[in-house]
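Structure file my_file.txt with compact mmCIF, C-alpha atoms:
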```
# COMPACT_ATOMS: atom_id res chain seq x y z
CA VAL A 1 -64.47 -7.71 29.53
CA THR A 2 -67.77 -7.94 27.66
CA PHE A 3 -66.69 -11.13 25.88
CA GLY A 4 -65.05 -12.73 28.92
CA GLY A 5 -61.69 -12.92 27.14
CA ASP A 6 -63.14 -15.04 24.34
CA VAL A 7 -61.33 -13.66 21.28
CA THR A 8 -63.16 -16.00 18.88
CA LYS A 9 -66.54 -14.69 20.04
CA ALA A 10 -65.35 -11.07 19.78
CA LEU A 11 -64.09 -11.61 16.21
CA SER A 12 -67.32 -13.33 15.20
CA VAL A 13 -69.35 -10.34 16.38
CA ALA A 14 -67.00 -7.64 14.98
CA PRO A 15 -68.41 -7.75 11.41
CA LEU A 16 -71.87 -7.21 12.90
CA ALA A 17 -70.62 -3.92 14.39
CA ILE A 18 -69.53 -2.83 10.89
CA VAL A 19 -72.93 -3.82 9.47
CA LEU A 20 -74.61 -1.69 12.13
CA ALA A 21 -72.16 1.19 11.47
CA GLY A 22 -73.20 1.09 7.81
CA LEU A 23 -76.84 1.22 8.87
CA TRP A 24 -76.07 4.19 11.14
CA GLN A 25 -74.48 6.00 8.19
CA ILE A 26 -77.56 5.34 6.05
CA LEU A 27 -79.75 6.62 8.91
CA PHE A 28 -77.64 9.79 9.29
CA ALA A 29 -77.97 10.39 5.55
CA TRP A 30 -81.70 9.62 5.39
CA SER A 31 -82.49 11.85 8.38
CA GLY A 32 -80.67 14.80 6.84
CA PHE A 33 -78.31 15.04 9.84
CA VAL A 34 -75.41 15.09 7.39
CA ARG A 35 -76.45 18.65 6.51
CA ILE A 36 -74.13 19.79 9.29
CA ILE A 37 -71.63 20.09 6.42
CA LYS A 38 -73.21 23.44 5.56
CA PHE A 39 -72.78 24.74 9.10
CA THR A 40 -69.21 23.59 9.79
CA PRO A 41 -67.10 26.73 10.44
CA TYR A 42 -63.85 26.86 8.51
CA PRO A 43 -61.65 27.05 11.66
CA VAL A 44 -63.15 23.70 12.73
CA LEU A 45 -62.33 22.20 9.33
CA ALA A 46 -58.79 23.64 9.42
CA GLY A 47 -58.27 22.31 12.94
CA PHE A 48 -59.44 18.82 12.02
CA VAL A 49 -57.32 18.64 8.87
CA THR A 50 -54.23 20.01 10.62
CA GLY A 51 -54.79 17.76 13.63
CA LEU A 52 -55.08 14.72 11.38
CA ALA A 53 -51.84 15.70 9.66
CA LEU A 54 -50.08 16.12 13.02
CA ARG A 55 -51.47 12.81 14.28
CA THR A 56 -50.20 11.05 11.15
CA PHE A 57 -46.76 12.60 11.57
CA VAL A 58 -46.56 11.80 15.29
CA GLN A 59 -47.59 8.19 14.69
CA GLN A 60 -45.36 7.58 11.69
CA PHE A 61 -42.10 9.42 12.51
CA PRO A 62 -41.01 6.93 15.23
CA ARG A 63 -41.27 4.15 12.62
CA PHE A 64 -38.25 5.63 10.88
CA PHE A 65 -36.33 4.35 13.92
CA ASP A 66 -38.24 1.03 13.97
CA LEU A 67 -40.14 2.11 17.09
CA PRO A 68 -43.87 1.33 17.45
CA ASP A 69 -45.21 4.62 18.83
CA PRO A 70 -44.33 8.12 20.12
CA ILE A 71 -44.07 6.87 23.71
CA ALA A 72 -41.32 4.40 22.77
CA PHE A 73 -39.59 7.14 20.76
CA ALA A 74 -39.67 9.54 23.73
CA ALA A 75 -38.34 6.81 26.03
CA THR A 76 -35.35 6.13 23.77
CA LEU A 77 -34.58 9.85 23.59
CA MET A 78 -34.70 10.08 27.39
CA ARG A 79 -32.11 7.30 27.53
CA GLY A 80 -29.92 9.20 25.07
CA GLU A 81 -30.38 6.58 22.36
CA LEU A 82 -31.43 6.86 18.71
CA PRO A 83 -31.61 3.38 17.13
CA HIS A 84 -31.58 2.41 13.46
CA LEU A 85 -30.03 5.66 12.21
CA ALA A 86 -29.33 4.24 8.75
CA MET A 87 -33.00 3.36 8.34
CA ALA A 88 -34.08 6.82 9.53
CA LEU A 89 -31.68 8.59 7.15
CA PHE A 90 -32.91 6.43 4.27
CA GLY A 91 -36.52 7.32 5.11
CA LEU A 92 -35.73 11.02 5.24
CA ALA A 93 -33.97 10.70 1.88
CA ILE A 94 -37.14 9.23 0.36
CA VAL A 95 -39.15 12.11 1.83
CA ALA A 96 -36.71 14.51 0.12
CA ILE A 97 -37.05 12.64 -3.19
CA ILE A 98 -40.84 12.90 -3.05
CA ARG A 99 -40.79 16.59 -2.17
CA ILE A 100 -38.22 17.42 -4.88
CA SER A 101 -40.17 15.44 -7.46
CA ASP A 102 -43.32 17.29 -6.45
CA VAL A 103 -41.62 20.62 -7.13
CA LEU A 104 -39.54 19.81 -10.22
CA ALA A 105 -41.93 17.43 -12.00
CA PRO A 106 -45.49 18.24 -10.83
CA ARG A 107 -47.05 16.35 -13.76
CA ILE A 108 -45.54 13.07 -12.53
CA PRO A 109 -47.15 11.59 -9.37
CA ALA A 110 -44.57 12.27 -6.66
CA MET A 111 -45.81 9.40 -4.50
CA LEU A 112 -45.28 6.96 -7.35
CA VAL A 113 -41.77 8.34 -7.85
CA GLY A 114 -41.04 7.84 -4.16
CA LEU A 115 -42.51 4.34 -4.10
CA VAL A 116 -40.65 3.06 -7.17
CA SER A 117 -37.31 4.79 -6.55
CA GLY A 118 -37.38 4.03 -2.81
CA THR A 119 -38.12 0.32 -3.36
CA LEU A 120 -35.43 -0.07 -6.02
CA LEU A 121 -32.85 1.85 -4.00
CA TRP A 122 -33.65 -0.15 -0.84
CA HIS A 123 -33.11 -3.49 -2.58
CA LEU A 124 -29.95 -2.22 -4.29
CA LEU A 125 -28.42 -1.08 -0.99
CA VAL A 126 -29.39 -4.32 0.75
CA LEU A 127 -27.83 -6.28 -2.11
CA LEU A 128 -24.57 -4.29 -2.02
CA TRP A 129 -24.36 -4.03 1.80
CA PRO A 130 -26.26 -6.92 3.42
CA ALA A 131 -25.27 -5.76 6.90
CA LEU A 132 -26.92 -2.37 6.39
CA ASP A 133 -29.97 -2.01 8.65
CA LEU A 134 -32.81 -0.56 6.56
CA GLY A 135 -35.73 -2.37 8.17
CA ARG A 136 -38.02 -4.96 6.64
CA THR A 137 -40.40 -5.24 3.73
CA VAL A 138 -44.19 -5.62 3.83
CA GLY A 139 -43.83 -9.39 3.46
CA ALA A 140 -46.11 -12.06 2.06
CA LEU A 141 -49.84 -11.36 1.86
CA SER A 142 -52.78 -13.63 1.15
CA PHE A 143 -56.55 -13.50 1.23
CA ALA A 144 -56.60 -16.55 3.49
CA GLN A 145 -54.58 -14.72 6.15
CA ALA A 146 -56.67 -11.55 5.77
CA LEU A 147 -59.95 -13.37 6.35
CA THR A 148 -58.85 -15.61 9.21
CA GLY A 149 -61.19 -15.13 12.14
CA PHE A 150 -62.99 -12.20 10.52
CA THR A 151 -65.90 -13.53 8.46
CA PHE A 152 -69.53 -12.64 8.94
CA GLU A 153 -71.51 -15.41 10.62
CA PRO A 154 -75.33 -15.24 10.97
CA GLY A 155 -74.97 -16.98 14.30
CA ALA A 156 -73.25 -13.86 15.65
CA VAL A 157 -76.62 -12.10 15.58
CA LEU A 158 -78.05 -14.71 17.96
CA ILE A 159 -75.00 -14.34 20.24
CA ALA A 160 -75.56 -10.58 20.40
CA LEU A 161 -79.32 -10.80 20.97
CA ALA A 162 -78.87 -13.35 23.74
CA ASN A 163 -76.46 -11.17 25.70
CA PRO A 164 -77.59 -7.62 26.67
CA ASP A 165 -74.01 -6.54 27.44
CA ILE A 166 -72.77 -7.60 24.00
CA LEU A 167 -75.77 -5.96 22.34
CA GLN A 168 -75.13 -2.70 24.20
CA THR A 169 -71.44 -2.79 23.27
CA LEU A 170 -72.31 -3.41 19.62
CA LEU A 171 -74.79 -0.55 19.48
CA LEU A 172 -72.42 1.92 21.15
CA THR A 173 -69.42 0.81 19.08
CA SER A 174 -71.31 0.88 15.79
CA ALA A 175 -72.85 4.29 16.57
CA THR A 176 -69.36 5.63 17.33
CA LEU A 177 -67.99 4.17 14.09
CA GLY A 178 -70.90 5.65 12.14
CA ALA A 179 -70.47 9.07 13.75
CA VAL A 180 -66.70 9.14 13.16
CA ALA A 181 -67.26 8.03 9.55
CA MET A 182 -69.81 10.80 9.08
CA LEU A 183 -67.37 13.30 10.60
CA ASP A 184 -64.56 12.14 8.28
CA PHE A 185 -66.99 12.33 5.38
CA THR A 186 -68.06 15.85 6.35
CA PHE A 187 -64.53 17.20 6.51
CA THR A 188 -63.47 15.37 3.35
CA VAL A 189 -66.40 16.88 1.44
CA ARG A 190 -65.58 20.36 2.75
CA THR A 191 -61.94 19.86 1.77
CA ALA A 192 -62.95 18.73 -1.73
CA GLN A 193 -65.18 21.77 -2.07
CA SER A 194 -62.34 24.07 -1.00
CA LEU A 195 -59.97 22.45 -3.51
CA CYS A 196 -62.28 22.96 -6.45
CA ASP A 197 -65.79 24.07 -7.37
CA LEU A 198 -67.38 20.67 -6.83
CA ARG A 199 -71.11 20.00 -6.57
CA LEU A 200 -71.87 17.05 -4.31
CA SER A 201 -74.90 15.30 -2.85
CA PRO A 202 -73.88 14.64 0.79
CA ARG A 203 -76.99 12.61 1.66
CA ARG A 204 -76.58 10.33 -1.35
CA ASP A 205 -72.82 9.97 -0.93
CA LEU A 206 -72.98 9.19 2.80
CA ALA A 207 -75.77 6.67 2.20
CA GLY A 208 -73.65 5.06 -0.52
CA GLN A 209 -70.75 4.81 1.90
CA GLY A 210 -73.02 3.17 4.45
CA ILE A 211 -74.26 0.63 1.89
CA ALA A 212 -70.63 -0.07 0.94
CA ASN A 213 -69.68 -0.71 4.57
CA LEU A 214 -72.68 -3.00 5.00
CA ALA A 215 -71.73 -5.03 1.91
CA THR A 216 -68.05 -5.08 2.91
CA ALA A 217 -68.82 -6.47 6.36
CA LEU A 218 -70.99 -9.24 4.89
CA LEU A 219 -67.96 -10.28 2.79
CA GLY A 220 -65.56 -10.22 5.75
CA GLY A 221 -64.02 -6.81 5.07
CA MET A 222 -63.15 -3.89 7.33
CA ALA A 223 -65.04 -0.62 7.75
CA THR A 224 -64.06 2.18 5.39
CA THR A 225 -64.60 5.91 5.30
CA SER A 226 -63.61 8.95 3.30
CA SER A 227 -59.92 9.78 3.35
CA LEU A 228 -58.56 13.31 3.39
CA GLY A 229 -55.14 12.03 2.34
CA SER A 230 -56.44 10.09 -0.66
CA THR A 231 -58.72 12.96 -1.70
CA THR A 232 -55.86 15.46 -1.62
CA ILE A 233 -53.45 13.18 -3.48
CA LEU A 234 -56.06 12.29 -6.12
CA PHE A 235 -56.80 15.96 -6.76
CA GLU A 236 -53.14 16.98 -6.96
CA ASN A 237 -52.52 14.24 -9.52
CA GLY A 238 -55.37 15.19 -11.83
CA GLY A 239 -58.38 13.40 -10.38
CA ARG A 240 -61.47 15.52 -11.00
CA THR A 241 -64.37 13.08 -11.39
CA ARG A 242 -65.80 10.02 -9.63
CA LEU A 243 -63.83 7.93 -12.12
CA ALA A 244 -60.71 8.71 -10.05
CA GLY A 245 -62.11 6.94 -6.99
CA ILE A 246 -63.44 4.03 -9.05
CA SER A 247 -60.12 3.54 -10.83
CA MET A 248 -58.25 3.64 -7.51
CA ALA A 249 -60.53 0.93 -6.11
CA LEU A 250 -60.10 -1.21 -9.22
CA PHE A 251 -56.32 -0.81 -9.03
CA LEU A 252 -56.35 -1.96 -5.40
CA LEU A 253 -58.46 -4.97 -6.36
CA VAL A 254 -56.09 -5.95 -9.18
CA ALA A 255 -53.08 -5.45 -6.89
CA ALA A 256 -54.66 -7.68 -4.23
CA LEU A 257 -55.47 -10.37 -6.80
CA VAL A 258 -52.28 -10.54 -8.86
CA GLY A 259 -49.73 -8.21 -7.27
CA THR A 260 -49.21 -9.64 -3.79
CA ARG A 261 -45.65 -10.78 -4.54
CA LEU A 262 -44.75 -7.31 -5.78
CA ILE A 263 -46.39 -5.65 -2.80
CA ALA A 264 -44.45 -7.96 -0.48
CA THR A 265 -41.16 -6.42 -1.71
CA ILE A 266 -42.09 -2.85 -0.72
CA PRO A 267 -39.98 -1.64 2.24
CA MET A 268 -41.90 -0.44 5.28
CA VAL A 269 -39.64 2.61 5.59
CA VAL A 270 -40.72 3.74 2.11
CA LEU A 271 -44.40 3.51 3.08
CA THR A 272 -43.63 5.50 6.22
CA ALA A 273 -41.92 8.20 4.15
CA MET A 274 -44.97 8.39 1.87
CA LEU A 275 -47.32 8.81 4.85
CA ILE A 276 -45.08 11.57 6.23
CA CYS A 277 -45.34 13.37 2.88
CA ILE A 278 -49.12 12.96 2.85
CA ALA A 279 -49.25 14.51 6.33
CA TRP A 280 -47.22 17.47 5.05
CA LYS A 281 -49.66 18.01 2.18
CA MET A 282 -52.72 17.77 4.43
CA TRP A 283 -52.24 20.50 7.02
CA ASP A 284 -54.11 23.73 6.30
CA ARG A 285 -51.84 26.66 5.34
CA TRP A 286 -54.66 29.04 6.28
CA CYS A 287 -53.60 28.52 9.90
CA VAL A 288 -50.30 30.33 9.24
CA LYS A 289 -52.15 33.30 7.76
CA VAL A 290 -54.48 33.50 10.76
CA LEU A 291 -51.58 33.16 13.21
CA ARG A 292 -49.77 36.03 11.48
CA GLU A 293 -52.94 38.13 11.64
CA ALA A 294 -53.37 37.28 15.33
CA LEU A 295 -49.89 38.63 16.05
CA VAL A 296 -49.60 41.61 13.70
CA GLY A 297 -53.15 42.23 12.45
CA PRO A 298 -54.04 45.65 11.02
CA ASN A 299 -56.35 46.52 13.93
CA SER A 300 -57.59 45.25 17.28
CA PRO A 301 -60.87 43.66 16.04
CA ALA A 302 -58.98 41.73 13.33
CA ARG A 303 -56.43 40.46 15.85
CA THR A 304 -59.19 39.43 18.27
CA ARG A 305 -61.05 37.55 15.55
CA ALA A 306 -57.86 35.82 14.43
CA ARG A 307 -56.97 34.80 17.99
CA ARG A 308 -60.44 33.33 18.45
CA ASN A 309 -60.02 31.34 15.24
CA ILE A 310 -56.58 30.11 16.33
CA LEU A 311 -58.06 28.98 19.66
CA ILE A 312 -60.72 26.96 17.79
CA VAL A 313 -58.07 25.44 15.49
CA LEU A 314 -55.90 24.45 18.47
CA ALA A 315 -58.86 22.91 20.33
CA VAL A 316 -59.97 20.79 17.37
CA ALA A 317 -56.42 19.89 16.30
CA GLY A 318 -55.44 18.91 19.85
CA ALA A 319 -58.50 16.69 20.29
CA THR A 320 -57.85 15.06 16.91
CA VAL A 321 -54.19 14.40 17.70
CA PHE A 322 -55.21 12.67 20.94
CA GLY A 323 -57.78 10.51 19.14
CA GLN A 324 -60.97 12.40 20.06
CA PRO A 325 -62.10 13.99 16.75
CA ILE A 326 -65.81 14.00 17.66
CA LEU A 327 -65.12 15.85 20.93
CA GLY A 328 -62.88 18.28 19.05
CA ALA A 329 -65.53 18.98 16.43
CA VAL A 330 -68.20 19.58 19.10
CA VAL A 331 -65.89 21.89 21.07
CA GLY A 332 -64.94 23.71 17.87
```
The structure in this file should be written as structure tokens.
Amino acid sequence: VTFGGDVTKALSVAPLAIVLAGLWQILFAWSGFVRIIKFTPYPVLAGFVTGLALRTFVQQFPRFFDLPDPIAFAATLMRGELPHLAMALFGLAIVAIIRISDVLAPRIPAMLVGLVSGTLLWHLLVLLWPALDLGRTVGALSFAQALTGFTFEPGAVLIALANPDILQTLLLTSATLGAVAMLDFTFTVRTAQSLCDLRLSPRRDLAGQGIANLATALLGGMATTSSLGSTTILFENGGRTRLAGISMALFLLVAALVGTRLIATIPMVVLTAMLICIAWKMWDRWCVKVLREALVGPNSPARTRARRNILIVLAVAGATVFGQPILGAVVG
């Protein structure tokens, strides 16, 4: 509505919102507001992490059946249909391979095992049985396609300044992006600290993330934030220093530059299976312990405390699942 249906104008202003989001992150870091990390109760952290895991599962599971979202999945179930069963069974088989590899060979990255074995098996089955419905691959990628309509233009600043409605939308959108990024950063830092005895500088790290978003937007990139999934996977596969994050970024750069043809051959169902496994690793097992204590705790005060914690976890997790993590964190 703000842009009057002009998609070109909206896309030209979008990078400016990311620039402003980066500036908001730097402001949050400079002001010391990021210190809320120290005051985040563990039930809020557990609820956010578990809610994010549930949201990932709910969003990705329908893709096993080549359906876009949970609503479409529920609609097909109501009609008594379950399409693309072969594809779904193949995806579940890849999930099993990843989980078994994680248990039997913990020194070998289970996600890499799932990616390589799933891709090879998919192409072998398609070669032997062309009529078998196993979905599609990622397909061709190129920098030209990625940057189409999404490059930073200085003229976009003039467009925003000349229109109060656009300026208001930009400020509100960028502030929301900055706040969500700070929230993701907060919970990722707390998760990293719970995984290992890690000393961090939240103000410096959040400011660095803001500077990175600012630079990325100027080059036509998308906003980025900390990732609980990546942090957990990196730690479980031996990552203990900042070199892990740097090497991951360099690997992505090399893959984008020289590995696009290889990436194009990866089946979508394999990527879905990997995301399902990441969701399984993410949810906080502490919730089970608290639930057990809430039901059969040693005494009444312990059960009351556990029930209060479970209520906080459910509130934050529910808000996160429905796409309102900031509201969930505030309520928690």
Please, what distance in Å, to one decimal, runs between atom CA of A:Gly210 and atom CA of A:Thr225?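 These atoms are spaced 8.9 Å apart.
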note - atom CA of A:Ile310 and atom CA of A:Ala294 are separated by 7.9 Å
Compile the contact shell of stretch 55-70 of chain A as a list of chain:residue names: residues with an atom at most 7 Å away, counting only C-alpha atoms, same-chain residues fewer than 2 positions apart removed.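 The neighbour list is A:Gly51, A:Leu52, A:Ala53, A:Ala72, A:Phe73, A:Ala74, A:Pro83, A:His84, A:Leu85, A:Met87, A:Ala88, A:Gly91, A:Val269, A:Thr272, A:Ile276, A:Ala279, A:Val321.
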Only C-alpha atoms, please: the residues just picked out, written as a PDB file, keeping the file's coordinate frame.
```
ATOM      1  CA  GLY A  51     -54.790  17.760  13.630  1.00  0.00           C
ATOM      2  CA  LEU A  52     -55.080  14.720  11.380  1.00  0.00           C
ATOM      3  CA  ALA A  53     -51.840  15.700   9.660  1.00  0.00           C
ATOM      4  CA  ALA A  72     -41.320   4.400  22.770  1.00  0.00           C
ATOM      5  CA  PHE A  73     -39.590   7.140  20.760  1.00  0.00           C
ATOM      6  CA  ALA A  74     -39.670   9.540  23.730  1.00  0.00           C
ATOM      7  CA  PRO A  83     -31.610   3.380  17.130  1.00  0.00           C
ATOM      8  CA  HIS A  84     -31.580   2.410  13.460  1.00  0.00           C
ATOM      9  CA  LEU A  85     -30.030   5.660  12.210  1.00  0.00           C
ATOM     10  CA  MET A  87     -33.000   3.360   8.340  1.00  0.00           C
ATOM     11  CA  ALA A  88     -34.080   6.820   9.530  1.00  0.00           C
ATOM     12  CA  GLY A  91     -36.520   7.320   5.110  1.00  0.00           C
ATOM     13  CA  VAL A 269     -39.640   2.610   5.590  1.00  0.00           C
ATOM     14  CA  THR A 272     -43.630   5.500   6.220  1.00  0.00           C
ATOM     15  CA  ILE A 276     -45.080  11.570   6.230  1.00  0.00           C
ATOM     16  CA  ALA A 279     -49.250  14.510   6.330  1.00  0.00           C
ATOM     17  CA  VAL A 321     -54.190  14.400  17.700  1.00  0.00           C
TER      18      VAL A 321
END
```
Would you pick out the contacts of stretch 286-289 of chain A at 10 Å or less, using only C-alpha atoms, so that residues sharing its chain but fewer than 6 positions from it are not included, and give the list as an MDAnalysis selection string? chainID A and resid 42:43 46:47 50 306 309:310 313:314
Restricting the calculation to all atoms listed in the file, which member of A:Gly32, A:Gly118, A:Pro267, A:Gly220 is positioned closest to A:Ala14?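 Of the candidates, the smallest distance to A:Ala14 is held by A:Gly220.
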Find the residues near stretch 102-112 of chain A: any atom within 12 Å, counting all atoms listed in the file, skip ones fewer than 5 places away on the same chain, and give them as a list of chain:residue names. A:Ile94, A:Val95, A:Ala96, A:Ile97, A:Ser117, A:Gly118, A:Thr119, A:Gly229, A:Ser230, A:Ile233, A:Leu234, A:Phe235, A:Glu236, A:Asn237, A:Gly238, A:Gly239, A:Val270, A:Leu271, A:Thr272, A:Ala273, A:Met274, A:Leu275, A:Ile276, A:Cys277, A:Ile278, A:Lys281
With only C-alpha atoms as the atoms that count, which of A:Arg308, A:Arg203, A:Leu253, A:Val290 lies nearest to A:Arg35? A:Arg203
For a test of reading the model, state the distance in Å between atom CA of A:Val330 and atom CA of A:Ala175, rounded to one decimal. 16.2 Å
For A:Leu177, the nearest of the candidates A:Thr232, A:Thr76, A:Thr260, A:Asn213, counting only C-alpha atoms: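 With only C-alpha atoms as the atom set, the closest residue is A:Asn213.
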Considering all atoms listed in the file, state which residue in the set A:Val189, A:Val116, A:Ile26, A:Ala217 is at the smallest distance from A:Pro202.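 Among the listed residues, the smallest separation from A:Pro202 belongs to A:Val189.
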Compile the contact shell of A:Thr173 as a ChimeraX atom specification: residues with an atom at most 9 Å away, counting only C-alpha atoms, same-chain residues fewer than 4 positions apart removed. /A:17-18,21,168-169,177-178
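Each of A:Val296, A:Leu171, A:Ala317, A:Ile71 was checked against A:Asp284 using all atoms listed in the file; the smallest atom-to-atom distance is that of A:Ala317.
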Using 8 Å of padding on each side, determine the axis-aligned box around all atoms of stretch 282-291 of chain A present in the file and give its centre and edge lengths in Å to one decimal, as AutoDock Vina command-line options.
```
--center_x -52.5 --center_y 25.6 --center_z 8.8 --size_x 20.4 --size_y 31.7 --size_z 24.8
```
Identify which of the residues A:Arg307, A:Arg99, A:Phe185, A:Phe90 lies closest to A:Leu134, counting all atoms listed in the file when measuring atom-to-atom distances.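 Smallest separation from A:Leu134 among the options: A:Phe90.
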